[in-house]
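So this one's data.cif, mmCIF, C-alpha atoms:
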data_input
loop_
_atom_site.label_atom_id
_atom_site.label_comp_id
_atom_site.auth_asym_id
_atom_site.auth_seq_id
_atom_site.Cartn_x
_atom_site.Cartn_y
_atom_site.Cartn_z
CA MET A 157 -25.88 31.89 -18.10
CA ALA A 158 -23.40 30.17 -15.75
CA GLU A 159 -21.59 33.51 -15.44
CA LEU A 160 -24.83 35.33 -14.55
CA LYS A 161 -25.66 32.69 -11.94
CA LYS A 162 -22.19 33.02 -10.44
CA ILE A 163 -22.58 36.81 -10.17
CA ALA A 164 -25.99 36.52 -8.54
CA ASP A 165 -24.76 33.83 -6.15
CA ALA A 166 -21.85 36.06 -5.10
CA TYR A 167 -24.30 38.87 -4.38
CA ILE A 168 -26.53 36.63 -2.25
CA ALA A 169 -23.47 35.28 -0.38
CA ALA A 170 -22.43 38.84 0.49
CA TRP A 171 -25.86 39.67 1.90
CA ASN A 172 -25.87 36.47 3.94
CA ALA A 173 -22.37 36.93 5.40
CA VAL A 174 -22.77 37.75 9.08
CA ASP A 175 -19.13 37.70 10.14
CA PRO A 176 -17.69 41.15 9.28
CA ALA A 177 -14.43 39.80 7.84
CA GLU A 178 -16.21 37.23 5.70
CA ARG A 179 -18.70 39.88 4.68
CA ALA A 180 -15.92 42.18 3.48
CA THR A 181 -14.40 39.35 1.43
CA ARG A 182 -17.76 38.45 -0.09
CA ILE A 183 -18.52 42.08 -0.90
CA ALA A 184 -15.15 42.49 -2.62
CA ALA A 185 -15.89 39.38 -4.67
CA ALA A 186 -19.37 40.55 -5.68
CA PHE A 187 -19.08 44.34 -6.09
CA THR A 188 -16.63 46.70 -7.79
CA GLU A 189 -14.84 49.18 -5.53
CA THR A 190 -17.08 52.02 -6.71
CA ALA A 191 -20.29 50.00 -6.76
CA SER A 192 -23.57 51.69 -5.86
CA TYR A 193 -26.72 50.14 -4.40
CA ARG A 194 -30.11 51.85 -4.63
CA ASP A 195 -33.56 50.60 -3.75
CA PRO A 196 -36.64 52.47 -2.52
CA LEU A 197 -35.50 52.13 1.12
CA MET A 198 -31.69 52.29 1.08
CA ALA A 199 -28.65 53.63 -0.71
CA GLY A 200 -24.99 52.77 -0.27
CA ASP A 201 -21.76 53.34 -2.18
CA GLY A 202 -18.49 51.46 -2.28
CA HIS A 203 -17.59 48.34 -0.35
CA ASP A 204 -17.92 50.09 3.03
CA GLY A 205 -21.24 51.66 2.18
CA ILE A 206 -22.65 48.35 1.01
CA ALA A 207 -21.26 46.59 4.10
CA ALA A 208 -23.16 49.09 6.27
CA LEU A 209 -26.40 48.38 4.40
CA ILE A 210 -25.96 44.64 4.81
CA ALA A 211 -25.15 44.96 8.50
CA GLY A 212 -28.22 47.14 8.98
CA VAL A 213 -30.55 44.70 7.27
CA GLN A 214 -29.11 41.77 9.25
CA GLU A 215 -29.65 43.72 12.47
CA ARG A 216 -33.21 44.54 11.54
CA PHE A 217 -34.05 40.98 10.43
CA PRO A 218 -31.92 38.72 12.65
CA GLY A 219 -31.67 35.15 11.40
CA PHE A 220 -33.24 35.95 8.04
CA ARG A 221 -31.54 34.62 4.91
CA PHE A 222 -31.40 35.90 1.35
CA THR A 223 -32.34 33.31 -1.25
CA LEU A 224 -32.06 33.65 -5.02
CA LYS A 225 -35.41 33.20 -6.78
CA GLY A 226 -35.44 31.56 -10.20
CA GLU A 227 -32.71 32.07 -12.77
CA PRO A 228 -30.86 35.32 -13.41
CA ASP A 229 -31.19 36.69 -16.92
CA GLY A 230 -29.31 39.40 -18.72
CA PHE A 231 -27.88 40.81 -21.91
CA ALA A 232 -24.95 43.04 -22.81
CA GLU A 233 -23.59 44.27 -19.46
CA MET A 234 -26.94 43.93 -17.66
CA ILE A 235 -28.19 41.30 -15.23
CA ARG A 236 -31.58 40.86 -13.58
CA PHE A 237 -32.31 38.55 -10.68
CA SER A 238 -34.83 38.27 -7.86
CA TRP A 239 -34.41 37.20 -4.28
CA SER A 240 -36.42 36.67 -1.14
CA LEU A 241 -35.53 37.50 2.45
CA GLY A 242 -37.03 35.54 5.29
CA PRO A 243 -36.52 33.10 8.11
CA ASP A 244 -35.39 29.60 7.16
CA GLY A 245 -38.27 27.35 6.19
CA GLU A 246 -40.98 30.02 6.42
CA GLU A 247 -42.64 32.21 3.85
CA ALA A 248 -40.38 35.15 3.03
CA PRO A 249 -41.92 38.55 3.89
CA VAL A 250 -39.60 40.47 1.56
CA GLU A 251 -38.93 39.99 -2.16
CA GLU A 252 -36.98 42.21 -4.52
CA THR A 253 -35.81 42.27 -8.12
CA ASP A 254 -32.42 43.79 -8.83
CA ILE A 255 -31.24 45.13 -12.16
CA CYS A 256 -27.50 45.66 -12.23
CA VAL A 257 -24.65 46.77 -14.43
CA ILE A 258 -21.76 44.31 -14.54
CA GLU A 259 -18.11 45.35 -14.91
CA ASP A 260 -15.49 42.63 -15.32
CA GLY A 261 -17.62 40.03 -13.60
CA ARG A 262 -18.61 42.14 -10.60
CA LEU A 263 -21.61 44.35 -9.89
CA ALA A 264 -21.01 48.05 -10.49
CA ARG A 265 -24.53 49.44 -10.12
CA VAL A 266 -27.49 47.78 -8.43
CA THR A 267 -31.03 49.12 -8.73
CA GLY A 268 -33.55 47.22 -6.63
CA PHE A 269 -37.33 47.22 -6.95
CA LEU A 270 -39.44 45.81 -4.14
CA ASP A 271 -41.77 43.02 -5.22
CA LYS A 272 -43.11 42.24 -1.74
CA VAL A 273 -42.77 44.07 1.57
CA PRO A 274 -44.15 43.42 5.05
CA ALA A 275 -47.75 44.64 5.33
CA GLN A 276 -46.92 47.53 7.67
CA GLN A 277 -44.62 49.01 5.02
CA ALA A 278 -46.78 48.42 1.97
CA MET B 135 -47.79 57.14 -8.71
CA ALA B 136 -50.03 59.09 -11.11
CA GLU B 137 -46.88 60.55 -12.65
CA LEU B 138 -45.37 57.06 -13.12
CA LYS B 139 -48.57 55.80 -14.70
CA LYS B 140 -48.60 58.77 -17.07
CA ILE B 141 -45.02 58.08 -18.14
CA ALA B 142 -45.73 54.38 -18.74
CA ASP B 143 -48.92 55.19 -20.64
CA ALA B 144 -47.00 57.60 -22.89
CA TYR B 145 -44.48 54.84 -23.62
CA ILE B 146 -47.21 52.34 -24.52
CA ALA B 147 -48.95 54.92 -26.72
CA ALA B 148 -45.71 55.48 -28.65
CA TRP B 149 -45.29 51.76 -29.31
CA ASN B 150 -48.91 51.50 -30.45
CA ALA B 151 -48.78 54.49 -32.81
CA VAL B 152 -48.93 53.14 -36.36
CA ASP B 153 -49.20 56.41 -38.26
CA PRO B 154 -45.65 57.77 -38.67
CA ALA B 155 -46.55 61.38 -37.80
CA GLU B 156 -48.53 60.35 -34.74
CA ARG B 157 -45.72 57.99 -33.78
CA ALA B 158 -43.18 60.82 -33.90
CA THR B 159 -45.41 62.98 -31.71
CA ARG B 160 -45.92 60.18 -29.20
CA ILE B 161 -42.21 59.38 -29.12
CA ALA B 162 -41.35 63.02 -28.47
CA ALA B 163 -43.86 63.02 -25.61
CA ALA B 164 -42.51 59.83 -24.06
CA PHE B 165 -38.73 59.95 -24.66
CA THR B 166 -36.00 62.55 -24.26
CA GLU B 167 -34.16 63.59 -27.44
CA THR B 168 -31.13 61.50 -26.45
CA ALA B 169 -33.08 58.54 -25.10
CA SER B 170 -31.71 55.03 -25.53
CA TYR B 171 -33.58 51.74 -25.72
CA ARG B 172 -31.89 48.39 -25.08
CA ASP B 173 -33.34 44.93 -24.73
CA PRO B 174 -31.88 41.53 -25.56
CA LEU B 175 -33.09 41.76 -29.17
CA MET B 176 -32.91 45.43 -30.13
CA ALA B 177 -31.15 48.73 -29.55
CA GLY B 178 -32.04 52.23 -30.67
CA ASP B 179 -31.01 55.77 -29.82
CA GLY B 180 -32.78 59.09 -30.09
CA HIS B 181 -36.27 59.72 -31.39
CA ASP B 182 -35.44 58.47 -34.89
CA GLY B 183 -33.72 55.33 -33.62
CA ILE B 184 -36.65 54.47 -31.39
CA ALA B 185 -39.11 55.20 -34.21
CA ALA B 186 -37.23 52.68 -36.36
CA LEU B 187 -37.48 50.03 -33.63
CA ILE B 188 -41.20 50.62 -33.21
CA ALA B 189 -41.81 50.48 -36.98
CA GLY B 190 -39.83 47.24 -37.15
CA VAL B 191 -41.80 45.57 -34.38
CA GLN B 192 -45.11 46.69 -35.90
CA GLU B 193 -44.04 45.27 -39.25
CA ARG B 194 -43.06 41.98 -37.67
CA PHE B 195 -46.22 41.70 -35.56
CA PRO B 196 -48.96 43.37 -37.64
CA GLY B 197 -52.09 44.15 -35.66
CA PHE B 198 -50.47 43.41 -32.30
CA ARG B 199 -50.98 45.89 -29.48
CA PHE B 200 -48.85 46.81 -26.51
CA THR B 201 -50.71 46.71 -23.20
CA LEU B 202 -49.43 47.88 -19.82
CA LYS B 203 -49.46 45.08 -17.23
CA GLY B 204 -50.16 45.99 -13.61
CA GLU B 205 -49.03 49.21 -12.00
CA PRO B 206 -45.70 50.94 -12.65
CA ASP B 207 -43.49 51.38 -9.61
CA GLY B 208 -40.40 53.43 -9.06
CA PHE B 209 -38.22 55.50 -6.77
CA ALA B 210 -35.82 58.38 -7.19
CA GLU B 211 -35.46 58.82 -10.99
CA MET B 212 -36.26 55.17 -11.74
CA ILE B 213 -39.44 53.55 -13.08
CA ARG B 214 -40.30 49.90 -13.66
CA PHE B 215 -43.26 48.66 -15.63
CA SER B 216 -44.27 45.56 -17.57
CA TRP B 217 -46.19 45.16 -20.78
CA SER B 218 -47.50 42.51 -23.08
CA LEU B 219 -47.60 42.44 -26.86
CA GLY B 220 -50.21 40.43 -28.68
CA PRO B 221 -53.28 40.41 -30.88
CA ASP B 222 -56.45 41.96 -29.45
CA GLY B 223 -58.38 39.55 -27.27
CA GLU B 224 -55.87 36.70 -27.45
CA GLU B 225 -53.11 35.57 -25.14
CA ALA B 226 -50.05 37.76 -25.62
CA PRO B 227 -47.00 35.83 -26.87
CA VAL B 228 -44.52 38.50 -25.71
CA GLU B 229 -44.06 40.09 -22.29
CA GLU B 230 -41.30 42.40 -21.11
CA THR B 231 -40.34 44.39 -18.04
CA ASP B 232 -38.66 47.73 -18.60
CA ILE B 233 -36.50 49.60 -16.11
CA CYS B 234 -35.97 53.20 -17.10
CA VAL B 235 -34.32 56.40 -16.04
CA ILE B 236 -36.65 59.41 -16.06
CA GLU B 237 -35.53 62.96 -16.89
CA ASP B 238 -38.04 65.78 -16.51
CA GLY B 239 -41.01 63.48 -16.95
CA ARG B 240 -39.70 61.65 -20.04
CA LEU B 241 -37.77 58.43 -20.46
CA ALA B 242 -34.04 58.89 -20.95
CA ARG B 243 -32.82 55.29 -20.74
CA VAL B 244 -34.87 52.14 -21.20
CA THR B 245 -33.53 48.69 -20.33
CA GLY B 246 -35.91 45.87 -21.21
CA PHE B 247 -35.85 42.29 -19.94
CA LEU B 248 -37.93 39.67 -21.71
CA ASP B 249 -40.38 37.87 -19.43
CA LYS B 250 -42.00 35.79 -22.17
CA VAL B 251 -41.07 35.19 -25.80
CA PRO B 252 -42.61 33.06 -28.57
CA ALA B 253 -41.55 29.43 -28.21
CA GLN B 254 -39.30 29.43 -31.30
CA GLN B 255 -37.19 32.20 -29.76
CA ALA B 256 -37.04 30.89 -26.20
#

As structure tokens, how would this structure be written, given the file I've shared?
Amino acid sequence: MAELKKIADAYIAAWNAVDPAERATRIAAAFTETASYRDPLMAGDGHDGIAALIAGVQERFPGFRFTLKGEPDGFAEMIRFSWSLGPDGEEAPVEETDICVIEDGRLARVTGFLDKVPAQQA
Amino acid sequence: MAELKKIADAYIAAWNAVDPAERATRIAAAFTETASYRDPLMAGDGHDGIAALIAGVQERFPGFRFTLKGEPDGFAEMIRFSWSLGPDGEEAPVEETDICVIEDGRLARVTGFLDKVPAQQA
């Protein structure tokens, strides 16, 4: 369980990294080189593709932070965790659950399902 | 969404089929020939492997029924749905969320995460 938490924390840290150099470091720590990210709204591949997604989300929601919700769970090479995205200290307008394949302690494939989206997108 | 609901309903019907011949028919309707099922407790492959899992669960929980919880969601070739397993009219002791890959309207890969398990297994 500590390993799963560490993997999820690394993922959240990557999404919260605003400085491009720090973001690249965090992404390399969290994702394999050939990692893919898919959710209903976005898709990105590899460290550069995922960096572009993260930059885009940060631009769209300036000042918002990703926060891990609850405890990650998993089995075999799978992990599941949920997160929220919102401004500090306010109710988060976005929530998602990610199911991912782990390879050697990093995320290789992320599939995200939206649990909560802003009303205008629902 | 109607298509996702239909796929999830076919899955639930397979798990609830007690008669072996009906079960085989339901499994063939819900799963591809090479389908895999994985959750933290069980793994099965192909129609026969999945039939063995279903028979085992029915033997362990006689009279219990699978019930779809909420609405399935999905995107691209992915579907997510949750179900409960319990005796008719009582609180269900088991709940799971499945994330699956769809191929031509049937489930090709099922990954299940336990949301609730009986206390002695928690």

Please provide chain A as a short mmCIF file (atom, residue, chain, number, x, y, z; two decimals) with C-alpha atoms, in the frame of the given file, once it has been superposed on chain B by least squares across all sequentially paired Cα atoms.
data_model
loop_
_atom_site.label_atom_id
_atom_site.label_comp_id
_atom_site.auth_asym_id
_atom_site.auth_seq_id
_atom_site.Cartn_x
_atom_site.Cartn_y
_atom_site.Cartn_z
CA MET A 157 -47.81 57.14 -8.70
CA ALA A 158 -50.05 59.09 -11.11
CA GLU A 159 -46.88 60.54 -12.66
CA LEU A 160 -45.36 57.06 -13.12
CA LYS A 161 -48.58 55.81 -14.72
CA LYS A 162 -48.61 58.78 -17.08
CA ILE A 163 -45.01 58.07 -18.15
CA ALA A 164 -45.72 54.39 -18.74
CA ASP A 165 -48.92 55.19 -20.65
CA ALA A 166 -47.00 57.60 -22.90
CA TYR A 167 -44.48 54.86 -23.63
CA ILE A 168 -47.20 52.34 -24.53
CA ALA A 169 -48.95 54.94 -26.73
CA ALA A 170 -45.72 55.49 -28.66
CA TRP A 171 -45.29 51.77 -29.32
CA ASN A 172 -48.90 51.49 -30.46
CA ALA A 173 -48.80 54.49 -32.82
CA VAL A 174 -48.93 53.15 -36.37
CA ASP A 175 -49.22 56.42 -38.26
CA PRO A 176 -45.65 57.78 -38.65
CA ALA A 177 -46.57 61.38 -37.80
CA GLU A 178 -48.54 60.36 -34.73
CA ARG A 179 -45.73 58.01 -33.78
CA ALA A 180 -43.19 60.83 -33.91
CA THR A 181 -45.40 62.99 -31.69
CA ARG A 182 -45.92 60.17 -29.20
CA ILE A 183 -42.20 59.38 -29.13
CA ALA A 184 -41.35 63.03 -28.46
CA ALA A 185 -43.85 63.03 -25.61
CA ALA A 186 -42.49 59.83 -24.06
CA PHE A 187 -38.72 59.94 -24.67
CA THR A 188 -35.99 62.56 -24.26
CA GLU A 189 -34.14 63.57 -27.43
CA THR A 190 -31.12 61.49 -26.44
CA ALA A 191 -33.08 58.54 -25.10
CA SER A 192 -31.69 55.03 -25.52
CA TYR A 193 -33.58 51.73 -25.72
CA ARG A 194 -31.89 48.39 -25.06
CA ASP A 195 -33.35 44.92 -24.72
CA PRO A 196 -31.87 41.51 -25.54
CA LEU A 197 -33.10 41.76 -29.16
CA MET A 198 -32.91 45.44 -30.12
CA ALA A 199 -31.14 48.73 -29.53
CA GLY A 200 -32.06 52.22 -30.66
CA ASP A 201 -31.01 55.77 -29.82
CA GLY A 202 -32.78 59.09 -30.10
CA HIS A 203 -36.28 59.71 -31.39
CA ASP A 204 -35.43 58.45 -34.89
CA GLY A 205 -33.72 55.33 -33.64
CA ILE A 206 -36.64 54.48 -31.39
CA ALA A 207 -39.11 55.20 -34.21
CA ALA A 208 -37.25 52.66 -36.37
CA LEU A 209 -37.49 50.03 -33.62
CA ILE A 210 -41.21 50.62 -33.22
CA ALA A 211 -41.82 50.49 -36.96
CA GLY A 212 -39.85 47.25 -37.16
CA VAL A 213 -41.80 45.58 -34.38
CA GLN A 214 -45.13 46.70 -35.89
CA GLU A 215 -44.05 45.26 -39.25
CA ARG A 216 -43.05 41.98 -37.67
CA PHE A 217 -46.22 41.68 -35.56
CA PRO A 218 -48.95 43.37 -37.64
CA GLY A 219 -52.09 44.16 -35.67
CA PHE A 220 -50.49 43.40 -32.32
CA ARG A 221 -50.98 45.90 -29.49
CA PHE A 222 -48.84 46.81 -26.50
CA THR A 223 -50.71 46.71 -23.20
CA LEU A 224 -49.43 47.87 -19.82
CA LYS A 225 -49.45 45.08 -17.22
CA GLY A 226 -50.18 46.00 -13.61
CA GLU A 227 -49.02 49.23 -12.01
CA PRO A 228 -45.70 50.95 -12.66
CA ASP A 229 -43.50 51.38 -9.62
CA GLY A 230 -40.41 53.45 -9.06
CA PHE A 231 -38.23 55.51 -6.77
CA ALA A 232 -35.83 58.40 -7.20
CA GLU A 233 -35.47 58.82 -10.98
CA MET A 234 -36.27 55.17 -11.74
CA ILE A 235 -39.44 53.55 -13.07
CA ARG A 236 -40.30 49.90 -13.66
CA PHE A 237 -43.27 48.66 -15.63
CA SER A 238 -44.26 45.55 -17.57
CA TRP A 239 -46.19 45.17 -20.78
CA SER A 240 -47.51 42.50 -23.08
CA LEU A 241 -47.60 42.43 -26.87
CA GLY A 242 -50.22 40.43 -28.68
CA PRO A 243 -53.29 40.41 -30.87
CA ASP A 244 -56.43 41.98 -29.42
CA GLY A 245 -58.38 39.58 -27.24
CA GLU A 246 -55.87 36.72 -27.42
CA GLU A 247 -53.12 35.58 -25.12
CA ALA A 248 -50.05 37.76 -25.63
CA PRO A 249 -46.99 35.82 -26.86
CA VAL A 250 -44.53 38.50 -25.73
CA GLU A 251 -44.06 40.08 -22.30
CA GLU A 252 -41.30 42.39 -21.11
CA THR A 253 -40.33 44.39 -18.05
CA ASP A 254 -38.66 47.73 -18.60
CA ILE A 255 -36.52 49.59 -16.10
CA CYS A 256 -35.96 53.19 -17.11
CA VAL A 257 -34.32 56.40 -16.03
CA ILE A 258 -36.65 59.40 -16.06
CA GLU A 259 -35.52 62.95 -16.89
CA ASP A 260 -38.04 65.77 -16.51
CA GLY A 261 -41.00 63.47 -16.96
CA ARG A 262 -39.72 61.64 -20.03
CA LEU A 263 -37.78 58.41 -20.47
CA ALA A 264 -34.04 58.88 -20.95
CA ARG A 265 -32.81 55.29 -20.74
CA VAL A 266 -34.86 52.13 -21.18
CA THR A 267 -33.52 48.68 -20.33
CA GLY A 268 -35.90 45.87 -21.20
CA PHE A 269 -35.85 42.29 -19.95
CA LEU A 270 -37.93 39.66 -21.71
CA ASP A 271 -40.38 37.87 -19.44
CA LYS A 272 -42.01 35.78 -22.18
CA VAL A 273 -41.07 35.18 -25.81
CA PRO A 274 -42.58 33.05 -28.56
CA ALA A 275 -41.50 29.41 -28.21
CA GLN A 276 -39.28 29.44 -31.31
CA GLN A 277 -37.17 32.21 -29.76
CA ALA A 278 -36.99 30.90 -26.22
#

#### Entry: Residues returned when the PyMOL selection byres ((chain B) within 12 of (chain A)) runs on this file, as an MDAnalysis selection string
chainID B and resid 172:177 205:215 231:235 244:249

### Task
For the structure provided, state which residues fall under the PyMOL selection byres ((chain B and resi 251) around 12), and present them as a ChimeraX atom specification.
/B:174-175,218-220,226-230,247-250,252-256

Please define a box with edges along x, y and z of the file around all atoms of stretch 160-174 of chain A given in the file, extend it by 8 Å on each side, and return its centre and edge lengths in Å to one decimal, as AutoDock Vina command-line options.
--center_x -24.2 --center_y 36.2 --center_z -2.7 --size_x 20.7 --size_y 23.0 --size_z 39.6

### Given only C-alpha atoms as the counted atoms, nearest of A:Phe217, A:Leu209, A:Ile183, A:Glu189 to A:Asp165
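Checking each of A:Phe217, A:Leu209, A:Ile183, A:Glu189 against A:Asp165, counting only C-alpha atoms, the winner is A:Ile183.
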
### Query
Could you work out how far atom CA of A:Ser192 lies from atom CA of A:Ile206, giving the answer in Å with one decimal?
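These atoms are spaced 7.7 Å apart.
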
### Query
the PyMOL selection byres ((chain B and resi 201) around 9) on the file shown: which residues, as number ranges by chain?
B: 146, 150, 199-200, 202-203, 216-220

### Task
Place a sphere of radius 10 Å on (-19.8, 35.2, -10.8) in the file coordinates and name every protein, DNA or RNA residue with an atom inside or on its surface, counting only C-alpha atoms; give the answer as a list in words.
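Those within range, by chain then number, are Ala158, Glu159, Leu160, Lys161, Lys162, Ile163, Ala164, Asp165, Ala166, Tyr167, Ala185, Ala186, Asp260, Gly261, Arg262 and Leu263 of chain A.
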
### Query
In Å to one decimal, how far is atom CA of A:Gly205 from atom CA of A:Arg265?
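If I compute the distance from atom CA of A:Arg265 to atom CA of A:Gly205, I get 12.9 Å.
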
### Query
Can you tell me how far atom CA of A:Ala184 sits from atom CA of A:Ala211, in Å to one decimal?
15.2 Å

### Task
Give me the residues within 12 Å of B:Ala186 as number ranges by chain, counting all atoms listed in the file and dropping any in the same chain fewer than 6 places off.
B: 148-149, 152, 154, 157-158, 161, 171, 176-180, 192-193

Taking the partial coordinates given, rebuild stretch 184-196 of chain B to contain N, CA, C and O atoms; return it as a short mmCIF file (atom, residue, chain, number, x, y, z; two decimals), keeping the file's coordinate frame.
data_model
loop_
_atom_site.label_atom_id
_atom_site.label_comp_id
_atom_site.auth_asym_id
_atom_site.auth_seq_id
_atom_site.Cartn_x
_atom_site.Cartn_y
_atom_site.Cartn_z
N ILE B 184 -35.53 55.16 -32.05
CA ILE B 184 -36.65 54.47 -31.39
C ILE B 184 -37.83 54.31 -32.35
O ILE B 184 -38.50 53.28 -32.37
N ALA B 185 -38.05 55.32 -33.20
CA ALA B 185 -39.11 55.20 -34.21
C ALA B 185 -38.84 54.01 -35.13
O ALA B 185 -39.76 53.28 -35.51
N ALA B 186 -37.58 53.80 -35.48
CA ALA B 186 -37.23 52.68 -36.36
C ALA B 186 -37.51 51.34 -35.67
O ALA B 186 -38.01 50.40 -36.29
N LEU B 187 -37.19 51.26 -34.38
CA LEU B 187 -37.48 50.03 -33.63
C LEU B 187 -38.98 49.75 -33.62
O LEU B 187 -39.43 48.62 -33.84
N ILE B 188 -39.75 50.79 -33.33
CA ILE B 188 -41.20 50.62 -33.21
C ILE B 188 -41.78 50.19 -34.57
O ILE B 188 -42.59 49.26 -34.65
N ALA B 189 -41.33 50.85 -35.64
CA ALA B 189 -41.81 50.48 -36.98
C ALA B 189 -41.46 49.03 -37.28
O ALA B 189 -42.27 48.28 -37.84
N GLY B 190 -40.26 48.61 -36.89
CA GLY B 190 -39.83 47.24 -37.15
C GLY B 190 -40.68 46.22 -36.41
O GLY B 190 -41.05 45.18 -36.97
N VAL B 191 -40.98 46.50 -35.16
CA VAL B 191 -41.80 45.57 -34.38
C VAL B 191 -43.23 45.52 -34.94
O VAL B 191 -43.82 44.44 -35.04
N GLN B 192 -43.74 46.68 -35.33
CA GLN B 192 -45.11 46.69 -35.90
C GLN B 192 -45.16 45.92 -37.21
O GLN B 192 -46.16 45.27 -37.52
N GLU B 193 -44.08 46.00 -37.99
CA GLU B 193 -44.04 45.27 -39.25
C GLU B 193 -43.96 43.76 -39.00
O GLU B 193 -44.55 42.96 -39.72
N ARG B 194 -43.24 43.41 -37.97
CA ARG B 194 -43.06 41.98 -37.67
C ARG B 194 -44.31 41.39 -37.04
O ARG B 194 -44.60 40.21 -37.24
N PHE B 195 -45.02 42.19 -36.25
CA PHE B 195 -46.22 41.70 -35.56
C PHE B 195 -47.43 42.56 -35.95
O PHE B 195 -47.95 43.30 -35.11
N PRO B 196 -47.87 42.48 -37.20
CA PRO B 196 -48.96 43.37 -37.64
C PRO B 196 -50.22 43.14 -36.83
O PRO B 196 -50.61 42.00 -36.57
#
